[in-house]
file target00.cif (mmCIF, C-alpha atoms and all ligand atoms)
data_run
#
loop_
_atom_site.label_atom_id
_atom_site.label_comp_id
_atom_site.auth_asym_id
_atom_site.auth_seq_id
_atom_site.Cartn_x
_atom_site.Cartn_y
_atom_site.Cartn_z
CA MET A 8 91.66 75.97 -93.68
CA GLU A 9 90.96 72.36 -92.89
CA ILE A 10 87.63 72.56 -94.70
CA ALA A 11 89.31 74.28 -97.64
CA SER A 12 91.80 71.47 -98.03
CA ARG A 13 89.14 68.76 -97.70
CA HIS A 14 87.01 70.36 -100.38
CA ALA A 15 89.72 71.69 -102.64
CA GLY A 16 89.01 70.61 -106.18
CA CYS A 17 85.33 69.87 -105.46
CA VAL A 18 82.35 71.65 -106.99
CA ASP A 19 78.94 73.01 -105.96
CA LEU A 20 76.40 73.04 -108.76
CA HIS A 21 73.41 74.32 -106.80
CA VAL A 22 73.75 77.71 -105.11
CA HIS A 23 71.22 80.54 -104.64
CA SER A 24 72.16 84.22 -104.59
CA THR A 25 70.39 87.45 -103.65
CA ALA A 26 68.91 87.43 -107.16
CA SER A 27 66.43 84.87 -105.77
CA ASP A 28 66.18 83.87 -102.10
CA GLY A 29 69.83 83.45 -101.11
CA SER A 30 71.56 85.83 -98.71
CA LEU A 31 74.94 86.21 -100.47
CA SER A 32 75.45 88.30 -103.58
CA PRO A 33 76.97 86.63 -106.65
CA LEU A 34 80.30 88.29 -105.81
CA GLN A 35 80.20 87.02 -102.21
CA ILE A 36 79.45 83.54 -103.55
CA ILE A 37 82.52 83.69 -105.78
CA GLU A 38 84.65 84.83 -102.83
CA ARG A 39 83.33 82.05 -100.59
CA ALA A 40 83.91 79.44 -103.31
CA LYS A 41 87.48 80.70 -103.68
CA GLU A 42 88.08 80.46 -99.92
CA LEU A 43 86.80 76.89 -99.96
CA GLY A 44 89.10 76.02 -102.83
CA LEU A 45 86.19 74.89 -105.01
CA ARG A 46 87.02 74.24 -108.61
CA ALA A 47 83.60 75.07 -110.05
CA VAL A 48 80.36 76.68 -108.90
CA ALA A 49 76.97 77.31 -110.53
CA ILE A 50 74.50 79.93 -109.30
CA THR A 51 71.06 78.43 -109.90
CA ASP A 52 68.50 81.00 -108.79
CA HIS A 53 64.76 80.39 -108.92
CA ASP A 54 63.28 81.46 -112.25
CA THR A 55 65.98 84.07 -112.95
CA VAL A 56 69.42 84.14 -114.57
CA GLU A 57 70.37 87.56 -113.14
CA GLY A 58 72.61 86.11 -110.41
CA SER A 59 74.30 83.75 -112.81
CA ALA A 60 74.85 86.51 -115.37
CA GLU A 61 76.35 88.79 -112.73
CA ALA A 62 78.78 86.09 -111.58
CA LEU A 63 79.86 85.46 -115.16
CA GLY A 64 80.36 89.17 -115.71
CA TYR A 65 83.35 89.34 -113.34
CA PRO A 66 86.85 88.75 -114.70
CA PRO A 67 87.46 84.98 -114.96
CA LEU A 68 89.58 83.32 -112.28
CA PRO A 69 92.18 80.69 -113.14
CA SER A 70 91.24 78.51 -110.15
CA LEU A 71 87.44 78.73 -110.15
CA GLU A 72 85.16 77.88 -113.04
CA ILE A 73 81.72 79.49 -113.09
CA LEU A 74 78.96 77.63 -114.92
CA SER A 75 75.78 79.37 -115.98
CA GLY A 76 72.68 78.06 -114.22
CA ILE A 77 69.04 78.43 -113.26
CA GLU A 78 66.42 76.48 -111.28
CA ILE A 79 62.86 76.49 -112.63
CA SER A 80 59.77 75.70 -110.54
CA ALA A 81 57.58 73.43 -112.62
CA ASP A 82 53.83 72.98 -112.36
CA VAL A 83 53.00 69.50 -111.07
CA PRO A 84 49.77 68.22 -109.49
CA SER A 85 51.49 67.12 -106.26
CA GLY A 86 54.88 67.46 -104.63
CA THR A 87 57.50 69.98 -105.75
CA MET A 88 59.34 69.73 -109.05
CA HIS A 89 62.36 71.91 -109.72
CA ILE A 90 64.41 71.66 -112.89
CA LEU A 91 67.98 72.89 -113.04
CA GLY A 92 69.48 74.21 -116.24
CA TYR A 93 73.24 74.34 -116.80
CA LEU A 94 75.60 75.72 -119.40
CA LEU A 95 72.88 77.77 -121.04
CA ARG A 96 73.20 80.93 -123.11
CA LEU A 97 71.95 83.53 -120.66
CA ASP A 98 71.16 86.05 -123.38
CA ASP A 99 68.99 83.66 -125.37
CA PRO A 100 65.98 85.80 -126.41
CA SER A 101 63.41 83.07 -125.97
CA LEU A 102 64.77 82.19 -122.50
CA ARG A 103 64.64 85.85 -121.47
CA GLN A 104 61.13 86.23 -122.80
CA THR A 105 59.81 83.15 -121.01
CA LEU A 106 61.40 84.18 -117.72
CA LYS A 107 59.94 87.65 -118.04
CA ARG A 108 56.52 86.06 -118.51
CA VAL A 109 56.96 83.97 -115.35
CA GLN A 110 58.09 86.98 -113.30
CA ARG A 111 55.31 89.20 -114.58
CA ALA A 112 52.74 86.52 -113.83
CA ARG A 113 53.96 86.38 -110.25
CA ALA A 114 53.58 90.11 -109.79
CA ASN A 115 50.18 90.15 -111.48
CA ARG A 116 48.61 87.39 -109.46
CA ASN A 117 47.27 89.65 -106.72
CA VAL A 118 46.01 92.21 -109.22
CA ARG A 119 44.07 89.47 -110.99
CA ILE A 120 42.53 88.26 -107.74
CA VAL A 121 41.28 91.80 -107.05
CA GLU A 122 39.86 91.98 -110.58
CA LYS A 123 38.00 88.73 -110.01
CA LEU A 124 36.55 90.09 -106.77
CA GLN A 125 35.45 93.22 -108.61
CA ASP A 126 33.82 91.03 -111.26
CA LEU A 127 31.90 89.39 -108.42
CA GLY A 128 30.55 92.83 -107.53
CA LEU A 129 32.77 93.54 -104.53
CA ARG A 130 34.11 97.06 -104.15
CA VAL A 131 37.74 96.25 -103.50
CA GLN A 132 40.69 98.29 -104.75
CA TYR A 133 44.24 97.08 -105.13
CA ASP A 134 45.52 100.09 -103.13
CA GLU A 135 43.55 98.96 -100.10
CA ILE A 136 45.36 95.61 -100.16
CA THR A 137 48.82 97.14 -100.44
CA SER A 138 48.13 99.62 -97.63
CA ILE A 139 47.07 96.78 -95.31
CA SER A 140 50.30 94.89 -96.09
CA GLY A 141 52.33 97.86 -94.88
CA GLY A 142 54.42 97.99 -98.02
CA GLY A 143 55.74 94.44 -97.60
CA GLN A 144 54.93 91.41 -99.70
CA VAL A 145 51.27 91.18 -100.63
CA GLY A 146 49.40 87.91 -100.47
CA ARG A 147 45.96 86.39 -100.16
CA PRO A 148 45.82 86.89 -96.35
CA HIS A 149 45.92 90.67 -96.91
CA ILE A 150 43.15 90.44 -99.47
CA ALA A 151 41.15 88.37 -96.96
CA GLN A 152 41.56 91.08 -94.32
CA VAL A 153 40.19 93.70 -96.66
CA LEU A 154 37.21 91.48 -97.44
CA VAL A 155 36.50 91.14 -93.71
CA HIS A 156 36.85 94.88 -93.26
CA LYS A 157 34.32 95.44 -96.05
CA GLY A 158 31.89 92.99 -94.49
CA ALA A 159 32.13 90.60 -97.43
CA ALA A 160 33.36 87.84 -95.10
CA ARG A 161 33.08 87.18 -91.36
CA SER A 162 36.71 86.24 -90.88
CA VAL A 163 39.92 85.65 -92.81
CA GLY A 164 39.07 81.95 -92.86
CA ASP A 165 35.61 82.74 -94.17
CA ALA A 166 37.10 84.96 -96.92
CA PHE A 167 39.26 82.05 -98.04
CA LYS A 168 36.32 79.67 -97.91
CA LYS A 169 34.01 81.97 -99.85
CA PHE A 170 36.41 83.50 -102.38
CA LEU A 171 40.15 82.85 -102.19
CA ARG A 172 40.61 79.11 -101.62
CA LYS A 173 42.01 76.96 -104.41
CA GLY A 174 39.12 76.53 -106.84
CA GLY A 175 37.17 79.38 -105.21
CA PRO A 176 35.46 82.08 -107.31
CA ALA A 177 38.36 84.58 -106.94
CA TYR A 178 41.19 82.04 -107.03
CA VAL A 179 44.06 82.66 -109.41
CA PRO A 180 46.60 79.85 -109.64
CA ARG A 181 50.27 80.66 -109.27
CA TYR A 182 51.64 80.52 -112.77
CA ARG A 183 54.41 78.02 -113.34
CA LEU A 184 55.91 76.47 -116.43
CA LEU A 185 54.93 72.90 -117.17
CA PRO A 186 57.85 70.44 -116.81
CA ASP A 187 58.05 70.01 -120.59
CA GLU A 188 58.06 73.78 -121.15
CA ALA A 189 60.87 74.26 -118.61
CA ILE A 190 62.94 71.52 -120.26
CA ARG A 191 62.29 72.93 -123.74
CA MET A 192 63.28 76.42 -122.61
CA ILE A 193 66.60 75.17 -121.20
CA LEU A 194 67.35 73.06 -124.29
CA GLY A 195 66.42 75.99 -126.52
CA ALA A 196 69.09 78.10 -124.79
CA GLY A 197 71.66 75.36 -125.41
CA GLY A 198 71.56 74.19 -121.79
CA VAL A 199 71.43 70.84 -120.00
CA PRO A 200 68.16 70.20 -118.08
CA VAL A 201 68.59 68.29 -114.81
CA LEU A 202 65.91 67.22 -112.32
CA SER A 203 66.59 68.80 -108.89
CA HIS A 204 66.39 66.94 -105.54
CA PRO A 205 64.09 64.14 -106.78
CA PHE A 206 62.80 63.32 -103.28
CA THR A 207 60.61 66.45 -103.25
CA LEU A 208 58.48 64.94 -106.03
CA ASP A 209 56.78 62.80 -103.39
CA ALA A 210 56.92 59.72 -105.62
CA LYS A 211 55.16 56.74 -104.02
CA ASP A 212 58.00 54.31 -104.73
CA GLU A 213 60.89 53.68 -107.10
CA GLU A 214 58.57 52.53 -109.87
CA ASP A 215 56.57 55.73 -109.62
CA LEU A 216 59.73 57.86 -109.72
CA GLU A 217 61.10 55.85 -112.62
CA GLY A 218 57.91 56.39 -114.62
CA LEU A 219 58.27 60.11 -114.11
CA LEU A 220 61.92 60.06 -115.13
CA VAL A 221 61.08 58.19 -118.32
CA HIS A 222 58.46 60.80 -119.19
CA LEU A 223 60.86 63.68 -118.43
CA LYS A 224 63.62 62.04 -120.44
CA GLU A 225 61.30 61.79 -123.42
CA ALA A 226 60.72 65.53 -123.00
CA GLY A 227 64.50 66.08 -123.12
CA LEU A 228 65.74 65.75 -119.53
CA LYS A 229 69.45 64.91 -119.47
CA GLY A 230 70.44 64.69 -115.83
CA LEU A 231 69.53 63.90 -112.25
CA GLU A 232 70.71 65.74 -109.14
CA VAL A 233 72.03 62.74 -107.23
CA TYR A 234 74.28 64.36 -104.61
CA TYR A 235 72.35 66.65 -102.26
CA PRO A 236 72.46 67.31 -98.49
CA GLU A 237 69.05 65.68 -97.79
CA HIS A 238 69.63 62.55 -99.85
CA GLY A 239 71.51 60.25 -97.47
CA PRO A 240 73.28 57.04 -98.58
CA LYS A 241 70.14 55.06 -99.44
CA ARG A 242 68.54 57.70 -101.64
CA THR A 243 71.89 58.57 -103.22
CA ALA A 244 72.42 54.93 -104.19
CA GLN A 245 68.89 54.73 -105.60
CA TYR A 246 69.35 57.88 -107.70
CA GLU A 247 72.76 56.69 -108.94
CA ARG A 248 71.12 53.45 -110.04
CA LEU A 249 68.25 55.25 -111.81
CA ALA A 250 70.60 57.72 -113.51
CA ARG A 251 72.76 54.89 -114.83
CA ARG A 252 69.78 52.86 -115.97
CA HIS A 253 68.33 55.79 -117.95
CA GLY A 254 71.55 57.34 -119.23
CA LEU A 255 71.14 60.55 -117.24
CA VAL A 256 74.19 62.52 -116.11
CA MET A 257 74.58 62.86 -112.36
CA THR A 258 75.00 66.26 -110.77
CA GLY A 259 75.29 67.50 -107.21
CA GLY A 260 75.01 70.61 -105.15
CA THR A 261 74.20 71.90 -101.69
CA ASP A 262 71.23 74.20 -102.48
CA PHE A 263 73.13 76.77 -100.44
CA HIS A 264 70.93 79.76 -99.47
CA GLY A 265 73.22 81.41 -96.89
CA ALA A 266 71.48 82.76 -93.79
CA ALA A 267 68.11 81.42 -94.96
CA LYS A 268 69.33 77.83 -94.49
CA PRO A 269 72.24 78.22 -92.05
CA ARG A 270 72.95 74.52 -91.58
CA VAL A 271 73.82 74.00 -95.21
CA GLN A 272 77.24 75.32 -96.24
CA MET A 273 78.42 75.97 -99.75
CA GLY A 274 80.43 73.10 -101.19
CA ILE A 275 79.98 71.06 -98.02
CA GLY A 276 76.27 70.74 -97.29
CA ARG A 277 75.86 69.46 -93.74
CA GLY A 278 79.53 68.56 -93.57
CA ASP A 279 79.93 65.40 -95.60
CA LEU A 280 79.21 66.32 -99.19
CA ARG A 281 82.11 66.13 -101.65
CA ILE A 282 81.11 66.59 -105.26
CA PRO A 283 83.91 65.77 -107.66
CA TYR A 284 84.84 67.90 -110.67
CA ARG A 285 84.33 64.85 -112.88
CA LEU A 286 80.58 65.64 -112.83
CA VAL A 287 81.23 68.97 -114.55
CA GLU A 288 83.04 67.14 -117.33
CA GLU A 289 80.12 64.76 -117.71
CA LEU A 290 77.71 67.69 -117.75
CA LYS A 291 79.71 69.31 -120.54
CA ALA A 292 79.67 66.07 -122.49
CA ALA A 293 75.86 66.00 -122.20
CA LYS A 294 75.59 69.41 -123.85
CA VAL A 295 75.13 68.96 -127.56
ZN ZN B 1 64.94 73.36 -105.59
ZN ZN B 2 67.60 75.31 -105.15
#
call {"tool": "encode", "arguments": {"input": "target00.cif", "output": "structure tokens"}}
result
Amino acid sequence: MEIASRHAGCVDLHVHSTASDGSLSPLQIIERAKELGLRAVAITDHDTVEGSAEALGYPPLPSLEILSGIEISADVPSGTMHILGYLLRLDDPSLRQTLKRVQRARANRNVRIVEKLQDLGLRVQYDEITSISGGGQVGRPHIAQVLVHKGAARSVGDAFKKFLRKGGPAYVPRYRLLPDEAIRMILGAGGVPVLSHPFTLDAKDEEDLEGLLVHLKEAGLKGLEVYYPEHGPKRTAQYERLARRHGLVMTGGTDFHGAAKPRVQMGIGRGDLRIPYRLVEELKAAKV
């Protein structure tokens, strides 16, 4: 109850559900947000709007606003770039089509690796890989094991070195949207694109980060996720400064995943995050 009163009226604009890698269903997220007394929440699953759409499909609540959301993994040469999208039309045909392409590419990656191995003259079948994985998730280590079994490599490490390593003859990159494509897709669906947790970009210094922000803003970026459990006072102040300087709206969220990240709580982060509703109003104003 104490937590509920401290966070009453606050928001959490970065939450993952079971539609991606979170452990709570969209309905459980709504219930938890209600218990906490949050005023607004956005489900921002990785590369899918299913969780967000489900949450918005329930009857609206007078006390809790649900914003549509997504988090896209963008293709960058180093570091990790995620781009949040808010207030988008979830049934936008072009958005749906692009997301389908991303999801299909993920599923097809292993099939394409096997095809490349076959092109190299190796007698490997996709079934052999799935049977070695025991029905669970299939990845390159399973393919490597089959190659060892077939005598095409001496060890798993050798299979990577000879075939599967990045740049190797059977390597297939993980397909991701380019930052500009992700931003365009969100804008195309009427949404507001926001750069997630900027510290994961591995920028060398502020100048480096600023250069990147300028480029992303030219592509249509409208916001920066300033308030985040890992940011700390120094980074938060830096991101506030950069957002102001470049006219980007500030957002915040916990990146709640439930059991997968047990130390981060919805609406609260590690205990000290309070994200005011004012940011939702600013986000809405950025949507044109
Ligand atoms: Zn992220
Ligand atoms: Zn996230």
call {"tool": "atom_distance", "arguments": {"input": "target00.cif", "atom1": "CA of Ala151 in chain A", "atom2": "CA of Phe170 in chain A"}}
result
8.7 Å
call {"tool": "closest_atom_pairs", "arguments": {"input": "target00.cif", "of": "chain A", "to": "ligand ZN 1 (chain B)", "cutoff": "7 Å", "atoms": "only C-alpha atoms and all ligand atoms", "output": "tab-separated table"}}
result
residue	atom	partner	partner_atom	distance
A:Glu78	CA	B:ZN1	ZN	6.7
A:His89	CA	B:ZN1	ZN	5.1
A:Ser203	CA	B:ZN1	ZN	5.9
A:His204	CA	B:ZN1	ZN	6.6
call {"tool": "residues_around", "arguments": {"input": "target00.cif", "residues": "Gly265 in chain A", "least_positions_apart": "4", "cutoff": "10 Å", "atoms": "only C-alpha atoms", "output": "PDB file with C-alpha atoms, in the frame of the given file"}}
result
ATOM      1  CA  VAL A  22      73.750  77.710-105.110  1.00  0.00           C
ATOM      2  CA  HIS A  23      71.220  80.540-104.640  1.00  0.00           C
ATOM      3  CA  SER A  24      72.160  84.220-104.590  1.00  0.00           C
ATOM      4  CA  THR A  25      70.390  87.450-103.650  1.00  0.00           C
ATOM      5  CA  ASP A  28      66.180  83.870-102.100  1.00  0.00           C
ATOM      6  CA  GLY A  29      69.830  83.450-101.110  1.00  0.00           C
ATOM      7  CA  SER A  30      71.560  85.830 -98.710  1.00  0.00           C
ATOM      8  CA  LEU A  31      74.940  86.210-100.470  1.00  0.00           C
ATOM      9  CA  SER A  32      75.450  88.300-103.580  1.00  0.00           C
ATOM     10  CA  ILE A  36      79.450  83.540-103.550  1.00  0.00           C
ATOM     11  CA  PRO A 269      72.240  78.220 -92.050  1.00  0.00           C
ATOM     12  CA  ARG A 270      72.950  74.520 -91.580  1.00  0.00           C
ATOM     13  CA  VAL A 271      73.820  74.000 -95.210  1.00  0.00           C
ATOM     14  CA  GLN A 272      77.240  75.320 -96.240  1.00  0.00           C
ATOM     15  CA  MET A 273      78.420  75.970 -99.750  1.00  0.00           C
TER      16      MET A 273
END
call {"tool": "residues_around", "arguments": {"input": "target00.cif", "residues": "Ile190 in chain A", "least_positions_apart": "5", "cutoff": "10 Å", "atoms": "all atoms listed in the file", "output": "list in words"}}
result
Ile79, Ala81, Ile90, Leu91, Gly92, Leu184, Leu185, Gly195, Gly198, Val199, Pro200, Val201, Leu202, Leu223, Lys224, Ala226, Gly227, Leu228 and Lys229 of chain A
call {"tool": "residues_around", "arguments": {"input": "target00.cif", "residues": "Leu219 in chain A", "least_positions_apart": "6", "cutoff": "10 Å", "atoms": "only C-alpha atoms", "output": "PyMOL selection string"}}
result
chain A and resi 208+210+213+225
call {"tool": "residues_near_point", "arguments": {"input": "target00.cif", "point": "(60.6, 65.7, -100.5)", "cutoff": "12 Å", "atoms": "all atoms listed in the file", "output": "list in words"}}
result
Ser85, Gly86, Thr87, Met88, His89, Ser203, His204, Pro205, Phe206, Thr207, Leu208, Asp209, Ala210, Lys211, Tyr235, Glu237, His238 and Arg242 of chain A
call {"tool": "write_last_selection", "arguments": {"input": "target00.cif", "atoms": "C-alpha atoms", "output": "mmCIF file, in the frame of the given file"}}
result
data_model
loop_
_atom_site.group_PDB
_atom_site.id
_atom_site.type_symbol
_atom_site.label_atom_id
_atom_site.label_comp_id
_atom_site.auth_asym_id
_atom_site.auth_seq_id
_atom_site.Cartn_x
_atom_site.Cartn_y
_atom_site.Cartn_z
ATOM 1 C CA SER A 85 51.490 67.120 -106.260
ATOM 2 C CA GLY A 86 54.880 67.460 -104.630
ATOM 3 C CA THR A 87 57.500 69.980 -105.750
ATOM 4 C CA MET A 88 59.340 69.730 -109.050
ATOM 5 C CA HIS A 89 62.360 71.910 -109.720
ATOM 6 C CA SER A 203 66.590 68.800 -108.890
ATOM 7 C CA HIS A 204 66.390 66.940 -105.540
ATOM 8 C CA PRO A 205 64.090 64.140 -106.780
ATOM 9 C CA PHE A 206 62.800 63.320 -103.280
ATOM 10 C CA THR A 207 60.610 66.450 -103.250
ATOM 11 C CA LEU A 208 58.480 64.940 -106.030
ATOM 12 C CA ASP A 209 56.780 62.800 -103.390
ATOM 13 C CA ALA A 210 56.920 59.720 -105.620
ATOM 14 C CA LYS A 211 55.160 56.740 -104.020
ATOM 15 C CA TYR A 235 72.350 66.650 -102.260
ATOM 16 C CA GLU A 237 69.050 65.680 -97.790
ATOM 17 C CA HIS A 238 69.630 62.550 -99.850
ATOM 18 C CA ARG A 242 68.540 57.700 -101.640
#
call {"tool": "residues_near_point", "arguments": {"input": "target00.cif", "point": "(46.6, 80.1, -113.1)", "cutoff": "12 Å", "atoms": "only C-alpha atoms", "output": "MDAnalysis selection string"}}
result
chainID A and resid 82 109 112:113 115:117 119:120 173:174 177:185
call {"tool": "atom_distance", "arguments": {"input": "target00.cif", "atom1": "CA of Glu57 in chain A", "atom2": "CA of Lys107 in chain A"}}
result
11.5 Å
call {"tool": "closest_residue", "arguments": {"input": "target00.cif", "among": "A:Leu71, A:Ile77, A:Leu106, A:Ala26", "to": "ligand ZN 2 (chain B)", "atoms": "only C-alpha atoms and all ligand atoms"}}
result
A:Ile77
call {"tool": "atom_distance", "arguments": {"input": "target00.cif", "atom1": "CA of Thr261 in chain A", "atom2": "CA of Thr243 in chain A"}}
result
13.6 Å
call {"tool": "closest_residue", "arguments": {"input": "target00.cif", "among": "A:Arg96, A:Arg147, A:Leu68, A:Leu231", "to": "Arg248 in chain A", "atoms": "only C-alpha atoms"}}
result
A:Leu231
call {"tool": "residues_around", "arguments": {"input": "target00.cif", "residues": "Leu74 in chain A", "least_positions_apart": "6", "cutoff": "10 Å", "atoms": "only C-alpha atoms", "output": "PDB file with C-alpha atoms, in the frame of the given file"}}
result
ATOM      1  CA  LEU A  20      76.400  73.040-108.760  1.00  0.00           C
ATOM      2  CA  ALA A  47      83.600  75.070-110.050  1.00  0.00           C
ATOM      3  CA  VAL A  48      80.360  76.680-108.900  1.00  0.00           C
ATOM      4  CA  ALA A  49      76.970  77.310-110.530  1.00  0.00           C
ATOM      5  CA  ILE A  50      74.500  79.930-109.300  1.00  0.00           C
ATOM      6  CA  THR A  51      71.060  78.430-109.900  1.00  0.00           C
ATOM      7  CA  SER A  59      74.300  83.750-112.810  1.00  0.00           C
ATOM      8  CA  ALA A  60      74.850  86.510-115.370  1.00  0.00           C
ATOM      9  CA  ALA A  62      78.780  86.090-111.580  1.00  0.00           C
ATOM     10  CA  LEU A  63      79.860  85.460-115.160  1.00  0.00           C
ATOM     11  CA  TYR A  93      73.240  74.340-116.800  1.00  0.00           C
ATOM     12  CA  LEU A  94      75.600  75.720-119.400  1.00  0.00           C
ATOM     13  CA  LEU A  95      72.880  77.770-121.040  1.00  0.00           C
ATOM     14  CA  VAL A 287      81.230  68.970-114.550  1.00  0.00           C
TER      15      VAL A 287
END
call {"tool": "closest_residue", "arguments": {"input": "target00.cif", "among": "A:Ala293, A:Leu249, A:Ala267, A:Leu171", "to": "ligand ZN 2 (chain B)", "atoms": "only C-alpha atoms and all ligand atoms"}}
result
A:Ala267
call {"tool": "closest_residue", "arguments": {"input": "target00.cif", "among": "A:Phe167, A:Tyr133, A:Phe263, A:Tyr234", "to": "ligand ZN 2 (chain B)", "atoms": "only C-alpha atoms and all ligand atoms"}}
result
A:Phe263
call {"tool": "closest_residue", "arguments": {"input": "target00.cif", "among": "A:His156, A:His264, A:Lys168, A:Arg251", "to": "ligand ZN 2 (chain B)", "atoms": "all atoms listed in the file"}}
result
A:His264
call {"tool": "closest_residue", "arguments": {"input": "target00.cif", "among": "A:Val153, A:Leu97, A:Asp279, A:Met257", "to": "Ile136 in chain A", "atoms": "only C-alpha atoms"}}
result
A:Val153
call {"tool": "decode", "arguments": {"input": "target00.cif", "residues": "range 62-92 of chain A", "atoms": "C-alpha atoms", "output": "CSV table (one decimal), in the first residue's frame"}}
result
chain,number,residue,atom,x,y,z
A,62,ALA,CA,-4.1,-4.7,-23.5
A,63,LEU,CA,-6.0,-2.1,-25.5
A,64,GLY,CA,-8.7,-4.7,-26.3
A,65,TYR,CA,-9.9,-4.9,-22.6
A,66,PRO,CA,-12.6,-2.5,-21.5
A,67,PRO,CA,-11.1,0.9,-20.7
A,68,LEU,CA,-10.5,1.8,-17.0
A,69,PRO,CA,-11.3,5.3,-15.7
A,70,SER,CA,-8.1,5.3,-13.6
A,71,LEU,CA,-5.5,3.8,-15.9
A,72,GLU,CA,-4.6,5.0,-19.3
A,73,ILE,CA,-3.1,2.4,-21.7
A,74,LEU,CA,-0.9,3.8,-24.5
A,75,SER,CA,0.0,1.7,-27.5
A,76,GLY,CA,3.6,0.8,-27.8
A,77,ILE,CA,6.4,-1.3,-29.3
A,78,GLU,CA,10.2,-1.5,-29.0
A,79,ILE,CA,12.2,-2.2,-32.2
A,80,SER,CA,15.7,-3.7,-32.3
A,81,ALA,CA,17.7,-1.7,-34.8
A,82,ASP,CA,20.7,-2.8,-36.8
A,83,VAL,CA,23.8,-0.9,-35.7
A,84,PRO,CA,27.5,-1.7,-36.2
A,85,SER,CA,28.2,-1.7,-32.4
A,86,GLY,CA,26.3,-1.5,-29.2
A,87,THR,CA,22.6,-2.1,-28.9
A,88,MET,CA,20.0,0.3,-30.3
A,89,HIS,CA,16.3,0.0,-29.4
A,90,ILE,CA,13.7,2.4,-30.6
A,91,LEU,CA,10.4,2.7,-28.8
A,92,GLY,CA,7.2,3.7,-30.6
